[in-house]
Amino acid sequence: MQAHGKRSHRSGGPEGGGRELTAAEDILVRRAEQLLVKECMEKAGFPYWADTLPTPDDLKGGGYVQADIGWAERHGYGSRLRRKARNTQRDDRNSTCTRTLPQKEGIRYSGALMGAPSQGTLTARLPMGGTVETPRTGCRATAKGRLYGDHAAWFRAEKTATNLTSLYVPDLMKDPRFTRAVAAWSACMRAAGHDHATPPAAREKLPELTRGLEEPEAYAVEVGLAVTEARCATTTPLARTARALDTEYREKRLARYSGEIAAYRQRRLDALARAGRITGSTA
């Protein structure tokens with residue numbers, strides 16, 4: 001459970017070797033994947049447009065507590081960024097193309113892109129139980145295979161490594177060191193005129209605080225609350241305690257998944273190297 005501040009780039013340790021990608025590197029890999037999908041779709045006889053990709057700033061949202069004052073000043077809690085993402089998805093030219101094709105051609109387009117169910121799926125078991133599936137074929141699957149080396153191995157590693165927080169966060173949040181830090185944060189917020197017990201509680205109040213306001217005024221309220229949250233997170237122990245405990249609990253509780261975490265990171269780094277060659281650029 002990371003505080004929403006600077007992105008962590010762990011290396012080595014009990015979780016396995018390698019490191020996480022930076023936001024800029026992540027975007028480069030996404031760009032390469034889109035170019036591979038485009039190449040595959042055009043070979044199948046269909047047009048394809050690369051998605052509008054996020055900026056590094058777009059990828060910084062989320063986390064238990066807002067701890068980046070600069071980001072909060074620019075984006076509040078990210079409402080405008082989320083609206084932009086929804087509009088981008090709504091206006092996606094590939095979706096428009098699919099809707100405007102005759103029915104049979106639309107089915108062929110979707111099959112080329114997403115794969116046909118009759119051609120099978122890949123299955124991954126989640127750490128907390130249950131399974132998820134993804135198409136085995138189609139241009140998206142082909143692109144991931146080329147980028148990550150082995151689509152099936154990547155899918156299993158990615159679904160494991162990105163679904164581990166529920167294994168330790170509930171206990172972390174009961175840790176006395178964490179609850180004391182949250183109490184200190186809450187006292188700071190109260191002194192600033194915002195009586196909230198936790199960061200999630202502050203955000204839950206936002207719709208009430210902005211009800212009836214025009215968008216610019218509502219956004220100003222959002223930014224003001226987010227900036228206060230971030231200042232209290234960084235002037236009390238909350239941000240640094242959340243980061244330290246996240247590292248501590250991950251190292252203690254996730255040792256059994258060290259192989260999957262290492263495989264996930266290494267495949268991401270391998271994909272980054274391939275992405276540089278595919279796009280002809282570096283992050």
# chains A, B, ... in the order shown; residues from 1 in each chain; ligands from 1

$ closest_atom_pairs --of "stretch 161-278 of chain A" --to "stretch 125-149 of chain A" --cutoff "10 Å" --atoms "only C-alpha atoms" --output "tab-separated table"
residue	atom	partner	partner_atom	distance
A:Ala161	CA	A:Pro127	CA	8.8
A:Thr162	CA	A:Leu126	CA	9.5
A:Asn163	CA	A:Pro127	CA	6.7
A:Leu164	CA	A:Pro127	CA	6.5
A:Thr165	CA	A:Pro127	CA	9.6
A:Ser166	CA	A:Met128	CA	7.5
A:Leu167	CA	A:Met128	CA	7.3
A:Tyr257	CA	A:Pro127	CA	9.0
A:Tyr264	CA	A:Tyr148	CA	9.7
A:Gln266	CA	A:Tyr148	CA	9.4
A:Arg267	CA	A:Tyr148	CA	5.7
A:Arg268	CA	A:Tyr148	CA	7.0
A:Leu269	CA	A:Tyr148	CA	9.0
A:Asp270	CA	A:Tyr148	CA	6.8
A:Ala271	CA	A:Leu147	CA	5.2
A:Leu272	CA	A:Leu147	CA	8.3
A:Ala273	CA	A:Leu147	CA	9.2
A:Arg274	CA	A:Leu147	CA	6.4
A:Ala275	CA	A:Leu147	CA	7.2
A:Ile278	CA	A:Leu147	CA	9.2

$ residues_around --residues "A:Glu73" --least-positions-apart "3" --cutoff "8 Å" --atoms "only C-alpha atoms" --output "PyMOL selection string"
chain A and resi 69-70+76+223-224+226-227

$ write_last_selection --atoms "C-alpha atoms" --output "PDB file, in the first residue's frame"
ATOM      1  CA  ILE A  69       1.892  18.296  -3.049  1.00  0.00           C
ATOM      2  CA  GLY A  70       2.892  19.329  -6.573  1.00  0.00           C
ATOM      3  CA  GLY A  76      -6.384  17.592  -7.107  1.00  0.00           C
ATOM      4  CA  VAL A 223      -7.575  20.789  -5.345  1.00  0.00           C
ATOM      5  CA  GLY A 224      -7.703  22.586  -2.024  1.00  0.00           C
ATOM      6  CA  ALA A 226      -6.069  17.311  -1.960  1.00  0.00           C
ATOM      7  CA  VAL A 227      -3.288  19.820  -1.286  1.00  0.00           C
TER       8      VAL A 227
END

$ closest_residue --among "A:Asp195, A:Asp58, A:Glu25, A:Glu39" --to "A:Glu229" --atoms "only C-alpha atoms"
A:Asp195

$ closest_residue --among "A:Asn94, A:Gln66, A:Thr235, A:Thr241" --to "A:Asp175" --atoms "only C-alpha atoms"
A:Thr241

$ closest_residue --among "A:Ala85, A:Val65, A:Ala157, A:Leu113" --to "A:Ala239" --atoms "only C-alpha atoms"
A:Val65

$ closest_residue --among "A:Leu172, A:Ile261, A:Leu81, A:Leu206" --to "A:Glu248" --atoms "only C-alpha atoms"
A:Leu172

$ select_by_dssp --residues "stretch 184-268 of chain A" --states "helix (DSSP H, G or I)" --output "PyMOL selection string"
chain A and resi 184-191+199-204+206-210+215-235+238-253+255-268

$ residues_around --residues "A:Arg243" --least-positions-apart "3" --cutoff "9 Å" --atoms "only C-alpha atoms" --output "PyMOL selection string"
chain A and resi 1-3+8+238-240+246-248
